[in-house]
$ cat final05.tsv   # TSV, C-alpha atoms and all ligand atoms
chain	number	residue	atom	x	y	z
A	1	MET	CA	6.93	4.71	-16.58
A	2	SER	CA	4.83	2.77	-19.01
A	3	ALA	CA	1.42	1.28	-18.35
A	4	LYS	CA	3.05	-2.13	-18.58
A	5	GLU	CA	5.59	-1.32	-15.87
A	6	THR	CA	2.98	0.01	-13.47
A	7	GLY	CA	0.73	-2.90	-14.24
A	8	LEU	CA	-2.07	-0.48	-15.03
A	9	THR	CA	-4.49	-0.96	-17.84
A	10	PRO	CA	-7.35	1.26	-18.99
A	11	PRO	CA	-9.39	2.84	-17.43
A	12	PHE	CA	-6.20	3.76	-15.55
A	13	PRO	CA	-4.55	6.33	-17.82
A	14	LYS	CA	-0.76	6.38	-18.13
A	15	GLU	CA	-0.18	10.05	-17.43
A	16	ARG	CA	-1.49	9.85	-13.85
A	17	ASN	CA	1.43	7.56	-12.98
A	18	ASN	CA	4.14	9.40	-14.81
A	19	MET	CA	7.28	9.83	-12.70
A	20	GLU	CA	7.95	13.16	-14.40
A	21	GLU	CA	5.40	14.51	-11.97
A	22	GLY	CA	8.07	13.91	-9.32
A	23	THR	CA	6.13	14.63	-6.18
A	24	GLY	CA	2.87	13.69	-7.89
A	25	LEU	CA	2.82	10.24	-6.23
A	26	ARG	CA	-0.47	9.30	-4.64
A	27	ILE	CA	-1.52	6.46	-2.39
A	28	LYS	CA	-3.22	3.79	-4.46
A	29	LEU	CA	-6.42	2.36	-3.12
A	30	PHE	CA	-7.67	-1.20	-2.91
A	31	GLY	CA	-8.95	-2.13	-6.34
A	32	ASP	CA	-6.04	-0.55	-8.16
A	33	PRO	CA	-4.32	-3.48	-9.89
A	34	VAL	CA	-0.84	-2.14	-9.02
A	35	LEU	CA	-1.38	-3.27	-5.41
A	36	ARG	CA	-1.62	-6.90	-6.55
A	37	LYS	CA	1.53	-6.99	-8.68
A	38	LYS	CA	4.87	-8.31	-7.55
A	39	ALA	CA	7.48	-5.56	-7.19
A	40	LEU	CA	10.83	-5.96	-8.90
A	41	ALA	CA	14.15	-5.91	-7.06
A	42	VAL	CA	16.21	-2.73	-7.37
A	43	LYS	CA	19.43	-3.75	-9.12
A	44	LYS	CA	21.16	-0.38	-9.28
A	45	ILE	CA	20.23	2.44	-6.93
A	46	THR	CA	19.90	5.77	-8.74
A	47	PRO	CA	18.94	9.31	-7.64
A	48	ARG	CA	15.43	8.45	-8.85
A	49	HIS	CA	15.14	5.77	-6.15
A	50	LYS	CA	16.17	8.27	-3.46
A	51	GLN	CA	13.60	10.71	-4.80
A	52	ILE	CA	10.89	8.06	-4.68
A	53	LEU	CA	11.84	7.07	-1.11
A	54	SER	CA	11.60	10.73	-0.03
A	55	SER	CA	8.20	11.07	-1.69
A	56	MET	CA	7.08	7.83	-0.05
A	57	ALA	CA	8.14	9.06	3.40
A	58	ARG	CA	6.20	12.26	2.81
A	59	LEU	CA	3.11	10.34	1.69
A	60	MET	CA	3.40	8.06	4.72
A	61	TYR	CA	3.63	10.96	7.19
A	62	GLU	CA	0.88	12.94	5.45
A	63	GLY	CA	-1.41	9.93	5.68
A	64	GLY	CA	-0.64	9.41	9.37
A	65	GLY	CA	0.95	6.07	8.54
A	66	ILE	CA	3.88	4.28	10.15
A	67	GLY	CA	4.86	2.33	7.04
A	68	LEU	CA	4.51	2.50	3.26
A	69	ALA	CA	5.57	0.21	0.44
A	70	ALA	CA	6.43	1.47	-3.07
A	71	PRO	CA	3.50	-0.32	-4.79
A	72	GLN	CA	1.17	1.73	-2.59
A	73	ALA	CA	2.56	4.77	-4.40
A	74	GLY	CA	2.20	3.01	-7.75
A	75	ILE	CA	5.89	2.07	-7.99
A	76	LEU	CA	6.59	-1.62	-8.63
A	77	GLU	CA	10.05	-1.76	-7.08
A	78	THR	CA	11.05	-3.32	-3.78
A	79	MET	CA	11.32	-0.28	-1.52
A	80	ILE	CA	9.64	0.52	1.78
A	81	THR	CA	9.60	3.32	4.35
A	82	VAL	CA	8.89	2.68	8.03
A	83	ASP	CA	8.75	4.96	11.06
A	84	ILE	CA	7.08	3.69	14.22
A	85	GLY	CA	8.23	6.80	16.09
A	86	SER	CA	11.84	5.83	16.63
A	87	GLY	CA	13.29	7.08	13.34
A	88	LEU	CA	12.74	6.72	9.63
A	89	TYR	CA	13.87	3.62	7.76
A	90	LYS	CA	14.19	3.84	3.97
A	91	LEU	CA	14.81	0.28	2.85
A	92	ILE	CA	15.63	-1.12	-0.55
A	93	ASN	CA	15.19	-4.83	-1.36
A	94	PRO	CA	14.07	-5.79	2.18
A	95	LYS	CA	13.78	-9.49	2.89
A	96	VAL	CA	12.80	-11.42	6.02
A	97	VAL	CA	15.57	-13.92	6.69
A	98	LYS	CA	14.53	-15.15	10.15
A	99	ARG	CA	11.21	-15.46	11.98
A	100	GLU	CA	10.46	-16.32	15.60
A	101	GLY	CA	7.36	-16.44	17.78
A	102	ARG	CA	3.83	-15.27	17.05
A	103	GLN	CA	1.80	-12.12	17.52
A	104	ALA	CA	-1.51	-10.85	16.21
A	105	LEU	CA	-2.22	-7.13	15.93
A	106	GLU	CA	-5.16	-5.25	14.43
A	107	GLU	CA	-3.71	-3.72	11.27
A	108	GLY	CA	-5.01	-0.99	9.02
A	109	CYS	CA	-3.59	-0.05	5.65
A	110	LEU	CA	-3.31	3.33	3.94
A	111	SER	CA	-4.46	1.60	0.75
A	112	VAL	CA	-7.49	0.04	2.44
A	113	PRO	CA	-8.84	2.94	4.54
A	114	GLY	CA	-11.57	2.13	7.03
A	115	VAL	CA	-10.68	-1.56	7.24
A	116	CYS	CA	-9.02	-3.27	10.21
A	117	VAL	CA	-7.88	-6.89	10.14
A	118	LYS	CA	-6.23	-8.92	12.88
A	119	VAL	CA	-3.14	-10.42	11.29
A	120	ARG	CA	-1.02	-13.21	12.75
A	121	ARG	CA	2.66	-12.66	12.11
A	122	ALA	CA	6.06	-13.49	13.54
A	123	LYS	CA	6.86	-11.62	16.76
A	124	LYS	CA	10.56	-11.30	16.10
A	125	ILE	CA	12.24	-11.13	12.71
A	126	THR	CA	15.54	-10.34	11.05
A	127	VAL	CA	15.38	-8.31	7.86
A	128	HIS	CA	18.18	-7.89	5.38
A	129	ALA	CA	18.01	-4.84	3.12
A	130	GLN	CA	20.05	-2.00	1.66
A	131	ASP	CA	19.90	1.64	2.65
A	132	GLU	CA	19.51	4.32	0.00
A	133	GLU	CA	23.28	4.42	-0.49
A	134	GLY	CA	23.31	0.70	-1.20
A	135	LYS	CA	24.89	-0.24	2.14
A	136	PRO	CA	23.72	-3.66	3.38
A	137	LEU	CA	21.69	-3.58	6.58
A	138	SER	CA	20.57	-6.26	9.00
A	139	ILE	CA	17.66	-5.23	11.21
A	140	GLU	CA	16.46	-7.24	14.19
A	141	ALA	CA	12.90	-6.23	14.92
A	142	GLU	CA	10.32	-7.23	17.50
A	143	ASP	CA	6.66	-6.51	18.22
A	144	LEU	CA	5.32	-3.44	16.39
A	145	LEU	CA	8.40	-2.87	14.21
A	146	ALA	CA	8.38	-6.54	13.20
A	147	CYS	CA	4.68	-6.27	12.38
A	148	VAL	CA	5.13	-3.15	10.22
A	149	LEU	CA	8.11	-4.57	8.33
A	150	GLN	CA	6.22	-7.78	7.55
A	151	HIS	CA	3.15	-5.79	6.43
A	152	GLU	CA	5.24	-3.66	4.06
A	153	ILE	CA	7.21	-6.62	2.70
A	154	ASP	CA	3.85	-8.32	2.03
A	155	HIS	CA	2.92	-5.33	-0.16
A	156	LEU	CA	5.99	-6.02	-2.30
A	157	ARG	CA	4.49	-9.42	-3.16
A	158	GLY	CA	1.03	-8.00	-3.83
A	159	ARG	CA	-0.30	-9.25	-0.51
A	160	LEU	CA	-2.79	-7.17	1.51
A	161	ILE	CA	-4.31	-7.39	5.00
A	162	VAL	CA	-7.64	-8.42	3.48
A	163	ASP	CA	-5.97	-11.68	2.43
A	164	TYR	CA	-5.64	-12.58	6.12
A	165	ALA	CA	-9.29	-11.87	6.91
A	166	SER	CA	-11.46	-14.77	8.08
A	167	PHE	CA	-14.58	-15.70	6.15
A	168	ILE	CA	-16.74	-13.73	8.61
A	169	GLU	CA	-14.43	-10.71	8.37
A	170	ARG	CA	-14.50	-10.89	4.59
A	171	MET	CA	-18.29	-10.72	4.67
A	172	ARG	CA	-18.10	-7.75	7.05
A	173	ILE	CA	-15.71	-5.73	4.85
A	174	LYS	CA	-17.06	-6.83	1.44
A	175	LYS	CA	-19.18	-3.70	0.87
A	176	LYS	CA	-16.37	-1.44	2.01
A	177	LEU	CA	-13.95	-3.09	-0.41
A	178	GLU	CA	-16.40	-2.72	-3.28
A	179	LYS	CA	-16.67	0.99	-2.52
A	180	LEU	CA	-12.91	1.39	-2.38
A	181	SER	CA	-12.54	-0.38	-5.73
A	182	ARG	CA	-14.94	2.09	-7.30
A	183	GLN	CA	-13.08	4.98	-5.69
A	184	ALA	CA	-9.76	3.60	-6.97
A	185	ILE	CA	-11.10	3.55	-10.51
A	186	GLU	CA	-12.49	7.04	-10.13
A	187	GLU	CA	-9.26	8.46	-8.67
A	188	SER	CA	-7.26	6.91	-11.46
A	189	GLY	CA	-9.33	8.82	-13.98
A	190	GLY	CA	-11.87	6.11	-14.71
A	191	ILE	CA	-15.25	6.75	-16.22
A	192	PRO	CA	-16.77	9.81	-14.53
A	193	PRO	CA	-20.34	9.22	-13.27
A	194	GLU	CA	-21.83	11.76	-15.69
A	195	TYR	CA	-20.53	9.71	-18.61
A	196	GLN	CA	-21.88	6.42	-17.35
A	197	ILE	CA	-24.70	4.99	-19.36
A	198	GLY	CA	-28.10	4.90	-17.69
A	199	SER	CA	-29.42	6.98	-14.80
A	200	ALA	CA	-29.69	3.94	-12.51
A	201	GLY	CA	-25.97	3.31	-12.88
A	202	LYS	CA	-25.25	6.95	-12.23
A	203	LYS	CA	-27.28	7.04	-9.03
A	204	ARG	CA	-25.70	3.88	-7.68
A	205	PHE	CA	-22.21	5.23	-8.29
A	206	GLN	CA	-23.00	8.49	-6.48
A	207	ASP	CA	-24.51	6.68	-3.52
A	208	GLU	CA	-21.44	4.53	-3.16
A	209	ILE	CA	-18.96	7.38	-3.01
A	210	LEU	CA	-20.77	9.04	-0.11
A	211	PRO	CA	-18.67	9.10	3.07
A	212	GLU	CA	-18.93	6.01	5.23
A	213	SER	CA	-20.78	6.47	8.49
A	214	GLU	CA	-19.60	3.28	10.12
A	215	THR	CA	-15.95	3.47	9.14
A	216	LYS	CA	-13.88	1.64	11.70
A	217	SER	CA	-10.69	3.48	12.44
A	218	CYS	CA	-7.64	1.37	13.02
A	219	LYS	CA	-4.81	2.59	15.22
A	220	LEU	CA	-2.08	1.11	13.02
A	221	GLN	CA	-1.98	2.53	9.51
A	222	LEU	CA	0.63	0.87	7.34
I	301	ZN	ZN	-0.54	-1.42	3.82
$ encode --input "final05.tsv" --output "structure tokens"
Amino acid sequence: MSAKETGLTPPFPKERNNMEEGTGLRIKLFGDPVLRKKALAVKKITPRHKQILSSMARLMYEGGGIGLAAPQAGILETMITVDIGSGLYKLINPKVVKREGRQALEEGCLSVPGVCVKVRRAKKITVHAQDEEGKPLSIEAEDLLACVLQHEIDHLRGRLIVDYASFIERMRIKKKLEKLSRQAIEESGGIPPEYQIGSAGKKRFQDEILPESETKSCKLQL
């Protein structure tokens, strides 16, 4: 996959997102530009898509999540995995076709660790998608499942929970987001601290990657 396809530009080196690594997919953190790109529809399902969906499910379970969207693994194609405890969904080209009612749950995101945002969404939805064999599916979902599906489908449009945060909430999580952005650059092979110019810059960088003491844990990780 080229840098253009992943939407990554330096200092995000190409090789870290190479699909030849197979299981080398990693969860991308807030600040990585891939999370803000629009994913492309899957026109023809290939064994590669099935492989990606399996890797995504593994990443989701390993991270203690109940949902994951392909852009979170650096893949800009419309695929999601969801498991709220009642079985694994691997969905291709999911789309919300009907919305009813309202609910607001505190949502976390595997790409925005340590941040919780109350998000207002539809309470009941109908999603059309394809399974990994290309078979069309229609899923009627309510409550938590509806919430998770909407969260993951948001990811496919480059939309994150932080976009739903109120002004006050934005102020509260601003520092956390700045830290995550730095971490995202570092994890993607950005400029290592020892190569940064100036000792002041170096110290600041090191301070900011220290573990958070007041990290708020969110029950729902999606
Ligand atoms: Zn998420």
$ residues_around --input "final05.tsv" --residues "Thr126 of chain A" --least-positions-apart "6" --cutoff "6 Å" --atoms "all atoms listed in the file" --output "list of chain:residue names"
A:Val96, A:Val97, A:Lys98, A:Ile139, A:Glu140
$ atom_distance --input "final05.tsv" --atom1 "atom CA of Lys44 of chain A" --atom2 "atom CA of Gly24 of chain A"
23.1 Å
$ residues_near_ligand --input "final05.tsv" --ligand "ligand ZN 301 (chain I)" --cutoff "8 Å" --atoms "only C-alpha atoms and all ligand atoms" --output "PyMOL selection string"
chain A and resi 67-69+72+108-112+151-152+155+160-161+221-222
$ write_last_selection --input "final05.tsv" --atoms "C-alpha atoms" --output "compact mmCIF listing (two decimals), in the frame of the given file"
# COMPACT_ATOMS: atom_id res chain seq x y z
CA GLY A 67 4.86 2.33 7.04
CA LEU A 68 4.51 2.50 3.26
CA ALA A 69 5.57 0.21 0.44
CA GLN A 72 1.17 1.73 -2.59
CA GLY A 108 -5.01 -0.99 9.02
CA CYS A 109 -3.59 -0.05 5.65
CA LEU A 110 -3.31 3.33 3.94
CA SER A 111 -4.46 1.60 0.75
CA VAL A 112 -7.49 0.04 2.44
CA HIS A 151 3.15 -5.79 6.43
CA GLU A 152 5.24 -3.66 4.06
CA HIS A 155 2.92 -5.33 -0.16
CA LEU A 160 -2.79 -7.17 1.51
CA ILE A 161 -4.31 -7.39 5.00
CA GLN A 221 -1.98 2.53 9.51
CA LEU A 222 0.63 0.87 7.34
$ atom_distance --input "final05.tsv" --atom1 "atom CA of Met79 of chain A" --atom2 "atom CA of Gly64 of chain A"
18.9 Å
$ residues_around --input "final05.tsv" --residues "Lys176 of chain A" --least-positions-apart "3" --cutoff "8 Å" --atoms "all atoms listed in the file" --output "list in words"
Gly114, Val115, Ile173, Lys179 and Leu180 of chain A
$ write_last_selection --input "final05.tsv" --atoms "C-alpha atoms" --output "PDB file, in the frame of the given file"
ATOM      1  CA  GLY A 114     -11.570   2.130   7.030  1.00  0.00           C
ATOM      2  CA  VAL A 115     -10.680  -1.560   7.240  1.00  0.00           C
ATOM      3  CA  ILE A 173     -15.710  -5.730   4.850  1.00  0.00           C
ATOM      4  CA  LYS A 179     -16.670   0.990  -2.520  1.00  0.00           C
ATOM      5  CA  LEU A 180     -12.910   1.390  -2.380  1.00  0.00           C
TER       6      LEU A 180
END
$ atom_distance --input "final05.tsv" --atom1 "atom CA of Ala184 of chain A" --atom2 "atom CA of Ser166 of chain A"
23.8 Å
$ closest_residue --input "final05.tsv" --among "A:Lys219, A:Val117, A:Glu132, A:Glu106" --to "Ile52 of chain A" --atoms "all atoms listed in the file"
A:Glu132
$ residues_around --input "final05.tsv" --residues "Gly87 of chain A" --least-positions-apart "5" --cutoff "12 Å" --atoms "all atoms listed in the file" --output "ChimeraX atom specification"
/A:57,66-67,81-82,145
$ closest_residue --input "final05.tsv" --among "A:Leu53, A:Ala146, A:Cys116, A:Val127" --to "Asp163 of chain A" --atoms "only C-alpha atoms"
A:Cys116
$ closest_residue --input "final05.tsv" --among "A:Val42, A:Val162, A:Leu25, A:Cys147" --to "Pro113 of chain A" --atoms "all atoms listed in the file"
A:Val162
$ closest_residue --input "final05.tsv" --among "A:Ile125, A:Thr46, A:Leu220, A:Ile92" --to "Leu105 of chain A" --atoms "all atoms listed in the file"
A:Leu220
$ closest_residue --input "final05.tsv" --among "A:Lys90, A:Ile75, A:Ser188, A:Ala41" --to "Leu137 of chain A" --atoms "only C-alpha atoms"
A:Lys90
$ residues_near_point --input "final05.tsv" --point "(-3.5, 6.6, -5.7)" --cutoff "7 Å" --atoms "only C-alpha atoms" --output "number ranges by chain"
A: 26-29, 73, 187-188
$ axis_aligned_box --input "final05.tsv" --around "segment 97-110 of chain A" --padding-each-side "4 Å" --output "JSON"
{"center_x": 5.2, "center_y": -6.6, "center_z": 10.9, "size_x": 28.7, "size_y": 27.8, "size_z": 21.8}
$ residues_around --input "final05.tsv" --residues "Leu144 of chain A" --least-positions-apart "3" --cutoff "10 Å" --atoms "all atoms listed in the file" --output "JSON, numbers by chain"
{"A": [84, 103, 105, 123, 124, 141, 147, 148, 149, 150, 220]}
$ closest_residue --input "final05.tsv" --among "A:Glu77, A:Asp83, A:Asp32, A:Asp131" --to "Tyr61 of chain A" --atoms "all atoms listed in the file"
A:Asp83
$ residues_around --input "final05.tsv" --residues "Lys38 of chain A" --least-positions-apart "3" --cutoff "8 Å" --atoms "only C-alpha atoms" --output "PyMOL selection string"
chain A and resi 76+156-158
